[in-house]
Each structure stands twice: as structure tokens, then as C-alpha cells.
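Single-structure report; data block below.
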Amino acid sequence: MIEFMDVSKEYTKGVKALKDINIHIDKGEFVFIVGSSGAGKSTLIKLLLKEEEPTDGKIILNNMDITNISNRKIPYIRRSVGVVFQDFRLLPNKTVFENVAFAMEIIGASSREIRRRVPIVLSMVGLSHKANNYPNELSGGEQQRVSIARAIVNNPNVLIADEPTGNLDPDTAWEIMKILREINRRGTTIVMATHARDIVNIMKRRVIALEKGTVVRDERKGVYDYEI
Ligand SMILES: Nc1ncnc2c1ncn2[C@@H]1O[C@H](COP(=O)(O)OP(=O)(O)OP(=O)(O)O)[C@@H](O)[C@H]1O
């Protein structure tokens, strides 16, 4: 469960990136965050990942108030939240297997657990045959699938995706969406910021639209925008 209660974020005095945001996302939902450039999508995601602090308001994640938690506790939050970015952010000097394994090493998983779990998630994203390749030997779609495998390897209950299809052609973007849909079907809450109009319109999931830092639309089976 994710809750934003009267959340505002001011980077520089007088300029509010988010203004009194109230959002409630239940476990298992698939939510698109849409809005034009500068509307506040990335800020919302950074607040959830504790990369930025809200100026006002309260943020609840998995029943925990994360607004004022100590830096010491941030790794615990990050463990329950997987993240996927537009630019993949894989480690170039590690193989596909090692990139995914690294996320488990960071949280202290045993090598036995790693040997068992990594092949399972690589198979889920259809990349078992690329386990020993390096990122630069993969297509963009394959790299994004590795980054999804890395994001879910520790079984997070929330997956955050910041424009995950932004660097991909339409067919490859749909392959990624099918994987995200399957991850959601298995119970993981997904919050995805996107500019991909077609994907949002075809998926018919909840859409939260931001405009100049405020929520201007929140619909159950929403569309990217209204035709004028
Ligand atoms: N680190 C920062 N310092 C100052 N202002 C910032 C900072 N990050 C974002 N902003 C401002 O906050 C507002 C919201 O930016 P944000 O990056 O959240 O928008 P966005 O909806 O993600 O845009 P895009 O679709 O282009 O990624 C913008 O006016 C932006 O200039």
C-alpha cells in the first residue's frame, strides 16, 4: 500500500514541484502516472525511493511512515521496492547473471539462494540463454528485461518504473509491458510513469494525471488524455 497525504515538494523557494498531493494505491494495483514534462512525475517517484524528502505531508509505504525515517532504515525500504529506469542502468562489467545476482548480494543473500533464484527470474523475463552475456551484447529490450529481473529478484511488493519503454521501439515496448503485466498479475503493485500514450490507452489501468504538481485526474480504467 502506498499513500501520499497532503504531500508537497519545493526544490527551491517558491517553486513547488508537487502541491498537496493525495494519492492512495492499494496492494496489487497497476497505476500509470502521466503528465507533461515537468509535471512532477519523477519527483513523485524520487519521494517514494527516498531520493528526495517532501517539504510537507506524509508518505506511507507498506504500512510504514517513510516521511521521517532515519538513513539507517532506507536500505530496508529499498528492499521492498524494485525500480526500473528508462536507461536500464546495468553494470557494464558484469554479466546478465552477475547483474541480477548483485541485487541479492547487496541484501546479504547466500550464494546458494542466488544460484537458485537468479535462473528463475531470468527465465521469467525470457533471458535464460543470455545469462553469460554482457549488457553491451544485448538489445535495448533485452537490457530492459535484465533490469526488470534485477528489480524483482528480491521479491519486492512494489515495482516502480520510470519511463521503462522510453528508449524502445513499439514492439519491444509491448514485450516489456507484457512482462510487467505478468509481474502485476502475480501480486506486485506497479507504479509506472510514462509518456507512452498508446500503451496507457490500450492497457486500461488506473491513470493518475499530474499537471504543474497537482493531481488533475485519477481514473480506474483511464486513458492517457482526453481528445479535445
Ligand atoms: N533537483 C531539482 N532542483 C530544482 N528543481 C527541480 C529539481 N528536480 C525537478 N525540479 C523541478 O520540479 C518540477 C517537476 O519536475 P519532475 O522532474 O518531477 O517532472 P517530470 O514530470 O518527471 O518531467 P519529465 O517528464 O520531463 O521527466 C520541474 O519544474 C523541475 O524543473
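Following the order of the C-alpha cells, chains are lettered A, B, ..., residues in each are numbered from 1, and ligands are numbered from 1.
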
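Near Met1 of chain A, within 8 Å and counting only C-alpha atoms, sit His24, Ile25, Asp26, Lys27, Ile60, Leu61, Asn62 and Asn63 of chain A, not including residues fewer than 5 positions from it in the same chain.
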
### Task
Could you pull out the residues sitting within 6 Å of ligand 1, using only C-alpha atoms and all ligand atoms, and write them as a list in words?
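My answer, listing the contacting residues, is Tyr11, Thr12, Ala17, Ser36, Ser37, Gly38, Ala39, Gly40, Lys41, Ser42 and Thr43 of chain A.
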
Would you give me, as a compact mmCIF listing (two decimals) with N, CA and C atoms, in the first residue's frame, the residues in chain A that DSSP reads as strand (DSSP E or B)?
```txt
# COMPACT_ATOMS: atom_id res chain seq x y z
N ILE A 2 0.47 2.21 -0.81
CA ILE A 2 1.22 3.47 -0.90
C ILE A 2 0.24 4.60 -0.63
N GLU A 3 0.65 5.53 0.21
CA GLU A 3 -0.23 6.67 0.46
C GLU A 3 0.57 7.97 0.53
N PHE A 4 0.12 8.95 -0.26
CA PHE A 4 0.66 10.31 -0.17
C PHE A 4 -0.42 11.15 0.51
N MET A 5 -0.08 11.78 1.63
CA MET A 5 -1.07 12.59 2.34
C MET A 5 -0.60 14.05 2.36
N ASP A 6 -1.31 14.88 1.63
CA ASP A 6 -1.00 16.32 1.55
C ASP A 6 0.49 16.59 1.30
N VAL A 7 1.05 15.85 0.35
CA VAL A 7 2.50 15.94 0.12
C VAL A 7 2.84 17.09 -0.83
N SER A 8 3.79 17.91 -0.41
CA SER A 8 4.32 18.96 -1.27
C SER A 8 5.84 18.83 -1.34
N LYS A 9 6.38 19.24 -2.48
CA LYS A 9 7.84 19.25 -2.62
C LYS A 9 8.27 20.55 -3.27
N GLU A 10 9.11 21.27 -2.56
CA GLU A 10 9.63 22.54 -3.07
C GLU A 10 11.14 22.38 -3.18
N TYR A 11 11.67 22.40 -4.41
CA TYR A 11 13.13 22.26 -4.56
C TYR A 11 13.81 23.57 -4.20
N THR A 12 13.34 24.64 -4.84
CA THR A 12 13.88 25.96 -4.50
C THR A 12 12.71 26.82 -4.02
N VAL A 15 9.17 27.52 -5.71
CA VAL A 15 8.86 26.69 -6.88
C VAL A 15 8.44 25.30 -6.40
N LYS A 16 7.15 25.02 -6.48
CA LYS A 16 6.65 23.74 -5.99
C LYS A 16 6.54 22.71 -7.10
N ALA A 17 7.31 21.63 -7.00
CA ALA A 17 7.25 20.54 -7.99
C ALA A 17 6.01 19.69 -7.73
N LEU A 18 5.59 19.57 -6.46
CA LEU A 18 4.34 18.88 -6.11
C LEU A 18 3.60 19.73 -5.08
N LYS A 19 2.28 19.81 -5.25
CA LYS A 19 1.47 20.67 -4.36
C LYS A 19 0.34 19.87 -3.73
N ASP A 20 0.38 19.64 -2.44
CA ASP A 20 -0.71 18.98 -1.71
C ASP A 20 -1.25 17.75 -2.42
N ILE A 21 -0.37 16.81 -2.69
CA ILE A 21 -0.77 15.59 -3.39
C ILE A 21 -1.42 14.60 -2.43
N ASN A 22 -2.57 14.05 -2.80
CA ASN A 22 -3.20 12.97 -2.04
C ASN A 22 -3.46 11.80 -2.97
N ILE A 23 -2.77 10.69 -2.71
CA ILE A 23 -2.92 9.51 -3.56
C ILE A 23 -2.95 8.28 -2.65
N HIS A 24 -3.84 7.37 -2.96
CA HIS A 24 -3.88 6.10 -2.21
C HIS A 24 -3.81 4.97 -3.23
N ILE A 25 -2.80 4.12 -3.13
CA ILE A 25 -2.66 3.00 -4.05
C ILE A 25 -2.70 1.70 -3.25
N PHE A 30 -2.15 -1.60 -10.59
CA PHE A 30 -1.22 -1.20 -11.68
C PHE A 30 -1.60 0.23 -12.01
N VAL A 31 -0.70 1.16 -11.74
CA VAL A 31 -1.03 2.58 -11.87
C VAL A 31 -0.07 3.29 -12.83
N PHE A 32 -0.64 3.99 -13.80
CA PHE A 32 0.17 4.84 -14.66
C PHE A 32 0.17 6.26 -14.10
N ILE A 33 1.34 6.88 -14.07
CA ILE A 33 1.44 8.29 -13.72
C ILE A 33 1.78 9.02 -15.02
N VAL A 34 0.87 9.90 -15.46
CA VAL A 34 1.11 10.61 -16.71
C VAL A 34 1.11 12.11 -16.45
N ASP A 56 6.46 19.04 2.79
CA ASP A 56 5.31 18.91 3.68
C ASP A 56 4.61 17.60 3.40
N GLY A 57 3.82 17.14 4.39
CA GLY A 57 2.98 15.97 4.17
C GLY A 57 3.63 14.68 4.65
N LYS A 58 2.92 13.59 4.38
CA LYS A 58 3.31 12.30 4.92
C LYS A 58 3.25 11.24 3.81
N ILE A 59 4.22 10.32 3.78
CA ILE A 59 4.21 9.24 2.79
C ILE A 59 4.27 7.89 3.51
N ILE A 60 3.29 7.04 3.20
CA ILE A 60 3.24 5.71 3.80
C ILE A 60 3.56 4.68 2.71
N LEU A 61 4.46 3.78 3.03
CA LEU A 61 4.81 2.72 2.07
C LEU A 61 4.81 1.39 2.82
N MET A 64 4.37 1.57 6.48
CA MET A 64 5.39 2.26 7.26
C MET A 64 5.43 3.73 6.85
N ASP A 65 5.45 4.61 7.85
CA ASP A 65 5.58 6.04 7.55
C ASP A 65 7.04 6.30 7.20
N VAL A 81 11.05 -2.47 -2.50
CA VAL A 81 10.65 -1.72 -3.69
C VAL A 81 11.67 -1.97 -4.80
N GLY A 82 11.21 -2.51 -5.94
CA GLY A 82 12.10 -2.67 -7.09
C GLY A 82 11.96 -1.47 -8.00
N VAL A 83 13.04 -1.11 -8.72
CA VAL A 83 12.98 0.05 -9.60
C VAL A 83 13.54 -0.28 -10.98
N VAL A 84 12.86 0.26 -12.00
CA VAL A 84 13.31 0.11 -13.38
C VAL A 84 13.35 1.51 -14.00
N PHE A 85 14.46 1.83 -14.66
CA PHE A 85 14.60 3.16 -15.26
C PHE A 85 14.59 3.08 -16.79
N VAL A 158 6.40 -3.81 -4.28
CA VAL A 158 6.12 -2.67 -5.15
C VAL A 158 7.21 -2.59 -6.23
N LEU A 159 6.79 -2.38 -7.48
CA LEU A 159 7.75 -2.16 -8.56
C LEU A 159 7.48 -0.79 -9.16
N ILE A 160 8.52 0.05 -9.17
CA ILE A 160 8.37 1.39 -9.71
C ILE A 160 9.12 1.46 -11.02
N ALA A 161 8.46 1.96 -12.05
CA ALA A 161 9.09 2.02 -13.37
C ALA A 161 8.99 3.45 -13.89
N ASP A 162 10.15 4.07 -14.09
CA ASP A 162 10.17 5.44 -14.58
C ASP A 162 10.45 5.43 -16.07
N THR A 189 2.50 -4.69 -6.77
CA THR A 189 1.94 -3.38 -7.13
C THR A 189 2.90 -2.71 -8.12
N ILE A 190 2.35 -2.12 -9.18
CA ILE A 190 3.23 -1.44 -10.16
C ILE A 190 2.82 0.02 -10.32
N VAL A 191 3.81 0.90 -10.19
CA VAL A 191 3.60 2.33 -10.43
C VAL A 191 4.53 2.70 -11.57
N MET A 192 3.95 3.13 -12.70
CA MET A 192 4.76 3.39 -13.89
C MET A 192 4.51 4.80 -14.42
N ALA A 193 5.56 5.61 -14.40
CA ALA A 193 5.49 6.94 -15.01
C ALA A 193 5.78 6.79 -16.49
N ARG A 206 -5.48 1.99 -14.01
CA ARG A 206 -5.67 3.26 -13.32
C ARG A 206 -4.67 4.30 -13.86
N VAL A 207 -5.16 5.50 -14.09
CA VAL A 207 -4.31 6.58 -14.58
C VAL A 207 -4.40 7.77 -13.63
N ILE A 208 -3.25 8.20 -13.13
CA ILE A 208 -3.19 9.42 -12.32
C ILE A 208 -2.44 10.46 -13.16
N ALA A 209 -3.13 11.55 -13.47
CA ALA A 209 -2.51 12.59 -14.30
C ALA A 209 -2.08 13.76 -13.44
N LEU A 210 -0.83 14.17 -13.62
CA LEU A 210 -0.31 15.34 -12.91
C LEU A 210 -0.19 16.51 -13.88
N GLU A 211 -0.43 17.67 -13.36
CA GLU A 211 -0.23 18.89 -14.14
C GLU A 211 0.32 19.95 -13.19
N THR A 214 0.06 19.11 -9.47
CA THR A 214 -1.16 18.67 -8.79
C THR A 214 -1.81 17.52 -9.56
N VAL A 215 -2.60 16.72 -8.83
CA VAL A 215 -3.34 15.63 -9.48
C VAL A 215 -4.57 16.24 -10.14
N VAL A 216 -4.65 16.13 -11.47
CA VAL A 216 -5.79 16.71 -12.17
C VAL A 216 -6.79 15.64 -12.61
N ARG A 217 -6.38 14.37 -12.50
CA ARG A 217 -7.27 13.28 -12.94
C ARG A 217 -6.80 12.00 -12.26
N ASP A 218 -7.75 11.18 -11.82
CA ASP A 218 -7.42 9.88 -11.22
C ASP A 218 -8.57 8.95 -11.58
N GLU A 219 -8.31 8.06 -12.56
CA GLU A 219 -9.41 7.23 -13.08
C GLU A 219 -9.06 5.76 -13.02
```

## Note on the structure
Between A:Arg115, A:Arg89, A:Arg181, A:Lys94, smallest distance to Gly140 of chain A by only C-alpha atoms belongs to A:Arg89

### Summary
Residue with the minimum atom-to-atom distance to Lys178 of chain A, picked from A:Ser111, A:Ile152, A:Ser139, A:Gly126 with only C-alpha atoms counted, is A:Gly126

### Task
May I have all residues of segment 121-218 of chain A that DSSP, computed from the backbone, assigns to helix (DSSP H, G or I), given as number ranges by chain?
A: 121-124, 128-130, 135-137, 140-152, 170-185, 197-203

### Task
Might you pull out every residue within 8 Å of segment 98-107 of chain A, with only C-alpha atoms counted and same-chain residues fewer than 5 positions away left off, and present them as a list of chain:residue names?
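The neighbour list is A:Arg79, A:Leu90, A:Leu91, A:Ile114, A:Val118, A:Val146, A:Ser147, A:Ala149, A:Arg150, A:Ala151, A:Val153, A:Asn154.
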
Take the residues just selected and output them with C-alpha atoms as a PDB file, in the first residue's frame.
```
ATOM      1  CA  ARG A  79      14.454  -3.964  -0.341  1.00  0.00           C
ATOM      2  CA  LEU A  90      23.089  -2.124 -15.756  1.00  0.00           C
ATOM      3  CA  LEU A  91      26.655  -2.657 -14.605  1.00  0.00           C
ATOM      4  CA  ILE A 114      21.479 -16.663  -5.503  1.00  0.00           C
ATOM      5  CA  VAL A 118      18.601 -15.837 -10.438  1.00  0.00           C
ATOM      6  CA  VAL A 146      17.608  -7.751 -17.305  1.00  0.00           C
ATOM      7  CA  SER A 147      16.849  -4.622 -15.337  1.00  0.00           C
ATOM      8  CA  ALA A 149      14.815  -9.278 -13.479  1.00  0.00           C
ATOM      9  CA  ARG A 150      17.140  -7.347 -11.166  1.00  0.00           C
ATOM     10  CA  ALA A 151      14.229  -5.274  -9.846  1.00  0.00           C
ATOM     11  CA  VAL A 153      14.793 -10.761  -7.790  1.00  0.00           C
ATOM     12  CA  ASN A 154      14.320  -9.876  -4.108  1.00  0.00           C
TER      13      ASN A 154
END
```

### Task
Point out the residue among A:Val125, A:Ala131, A:Val223, A:Ile202 with the least atom-to-atom distance to Glu182 of chain A, counting only C-alpha atoms.
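Among the listed residues, the smallest separation from Glu182 of chain A belongs to A:Val125.
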
### Message
Just the number, please: distance in Å from atom CA of Glu113 of chain A to atom CA of Asn93 of chain A, one decimal.
### Response
22.5 Å

When you look at Asp198 of chain A with a cut-off of 12 Å (counting only C-alpha atoms), what residues show up, excluding the ones that are within fewer than 2 positions of it in the same chain? I need them as a PDB file with N, CA and C atoms, in the first residue's frame.
```
ATOM      1  N   THR A 165       9.720   2.168 -21.074  1.00  0.00           N
ATOM      2  CA  THR A 165       9.704   1.879 -22.511  1.00  0.00           C
ATOM      3  C   THR A 165      10.202   3.070 -23.328  1.00  0.00           C
ATOM      4  N   PRO A 170       8.117   0.368 -30.568  1.00  0.00           N
ATOM      5  CA  PRO A 170       6.796  -0.043 -30.072  1.00  0.00           C
ATOM      6  C   PRO A 170       6.655  -1.536 -29.802  1.00  0.00           C
ATOM      7  N   ASP A 171       7.172  -2.399 -30.684  1.00  0.00           N
ATOM      8  CA  ASP A 171       7.023  -3.844 -30.447  1.00  0.00           C
ATOM      9  C   ASP A 171       7.766  -4.278 -29.192  1.00  0.00           C
ATOM     10  N   ALA A 173       8.571  -2.374 -26.723  1.00  0.00           N
ATOM     11  CA  ALA A 173       7.900  -1.770 -25.572  1.00  0.00           C
ATOM     12  C   ALA A 173       6.768  -2.684 -25.102  1.00  0.00           C
ATOM     13  N   TRP A 174       6.039  -3.273 -26.050  1.00  0.00           N
ATOM     14  CA  TRP A 174       4.939  -4.169 -25.657  1.00  0.00           C
ATOM     15  C   TRP A 174       5.442  -5.433 -24.996  1.00  0.00           C
ATOM     16  N   MET A 177       5.878  -4.482 -21.543  1.00  0.00           N
ATOM     17  CA  MET A 177       4.592  -4.318 -20.855  1.00  0.00           C
ATOM     18  C   MET A 177       3.966  -5.671 -20.495  1.00  0.00           C
ATOM     19  N   THR A 194       4.970   7.405 -17.320  1.00  0.00           N
ATOM     20  CA  THR A 194       5.172   7.198 -18.763  1.00  0.00           C
ATOM     21  C   THR A 194       4.617   8.322 -19.633  1.00  0.00           C
ATOM     22  N   HIS A 195       5.211   8.429 -20.829  1.00  0.00           N
ATOM     23  CA  HIS A 195       4.692   9.317 -21.872  1.00  0.00           C
ATOM     24  C   HIS A 195       4.082   8.490 -23.000  1.00  0.00           C
ATOM     25  N   ALA A 196       4.009   7.150 -22.794  1.00  0.00           N
ATOM     26  CA  ALA A 196       3.585   6.259 -23.883  1.00  0.00           C
ATOM     27  C   ALA A 196       2.059   6.209 -23.985  1.00  0.00           C
ATOM     28  N   VAL A 200      -0.796   3.290 -22.477  1.00  0.00           N
ATOM     29  CA  VAL A 200      -1.766   3.648 -21.431  1.00  0.00           C
ATOM     30  C   VAL A 200      -3.187   3.416 -21.938  1.00  0.00           C
ATOM     31  N   ASN A 201      -3.458   3.824 -23.172  1.00  0.00           N
ATOM     32  CA  ASN A 201      -4.818   3.709 -23.706  1.00  0.00           C
ATOM     33  C   ASN A 201      -5.249   2.256 -23.917  1.00  0.00           C
ATOM     34  N   ILE A 202      -4.307   1.411 -24.297  1.00  0.00           N
ATOM     35  CA  ILE A 202      -4.664   0.015 -24.555  1.00  0.00           C
ATOM     36  C   ILE A 202      -4.752  -0.791 -23.253  1.00  0.00           C
ATOM     37  N   MET A 203      -3.904  -0.492 -22.286  1.00  0.00           N
ATOM     38  CA  MET A 203      -3.879  -1.287 -21.033  1.00  0.00           C
ATOM     39  C   MET A 203      -5.126  -1.082 -20.158  1.00  0.00           C
ATOM     40  N   LYS A 204      -5.715   0.102 -20.240  1.00  0.00           N
ATOM     41  CA  LYS A 204      -6.933   0.408 -19.455  1.00  0.00           C
ATOM     42  C   LYS A 204      -6.763   0.124 -17.949  1.00  0.00           C
ATOM     43  N   GLY A 222      -8.352   4.298 -16.956  1.00  0.00           N
ATOM     44  CA  GLY A 222      -8.150   5.596 -17.577  1.00  0.00           C
ATOM     45  C   GLY A 222      -7.501   5.567 -18.948  1.00  0.00           C
ATOM     46  N   VAL A 223      -7.418   6.756 -19.524  1.00  0.00           N
ATOM     47  CA  VAL A 223      -6.742   6.948 -20.801  1.00  0.00           C
ATOM     48  C   VAL A 223      -5.636   7.990 -20.602  1.00  0.00           C
ATOM     49  N   TYR A 224      -4.754   8.085 -21.613  1.00  0.00           N
ATOM     50  CA  TYR A 224      -3.604   8.985 -21.480  1.00  0.00           C
ATOM     51  C   TYR A 224      -4.055  10.436 -21.357  1.00  0.00           C
ATOM     52  N   ASP A 225      -4.951  10.836 -22.245  1.00  0.00           N
ATOM     53  CA  ASP A 225      -5.516  12.186 -22.152  1.00  0.00           C
ATOM     54  C   ASP A 225      -6.838  12.228 -22.908  1.00  0.00           C
TER      55      ASP A 225
END
```

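When atom CA of Gly187 of chain A is paired with atom CA of Thr172 of chain A, their separation reads 23.5 Å.
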
### Message
My list of candidates is A:Lys221, A:Pro164, A:Gly213, A:Ser70. Which is closest to Leu44 of chain A when distances are computed with only C-alpha atoms?
### Response
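Smallest separation from Leu44 of chain A among the options: A:Gly213.
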
#### Entry: Residue nearest Leu49 of chain A - candidates A:Leu168, A:Glu137, A:Ile77, A:Arg72, atoms counted: only C-alpha atoms
A:Ile77
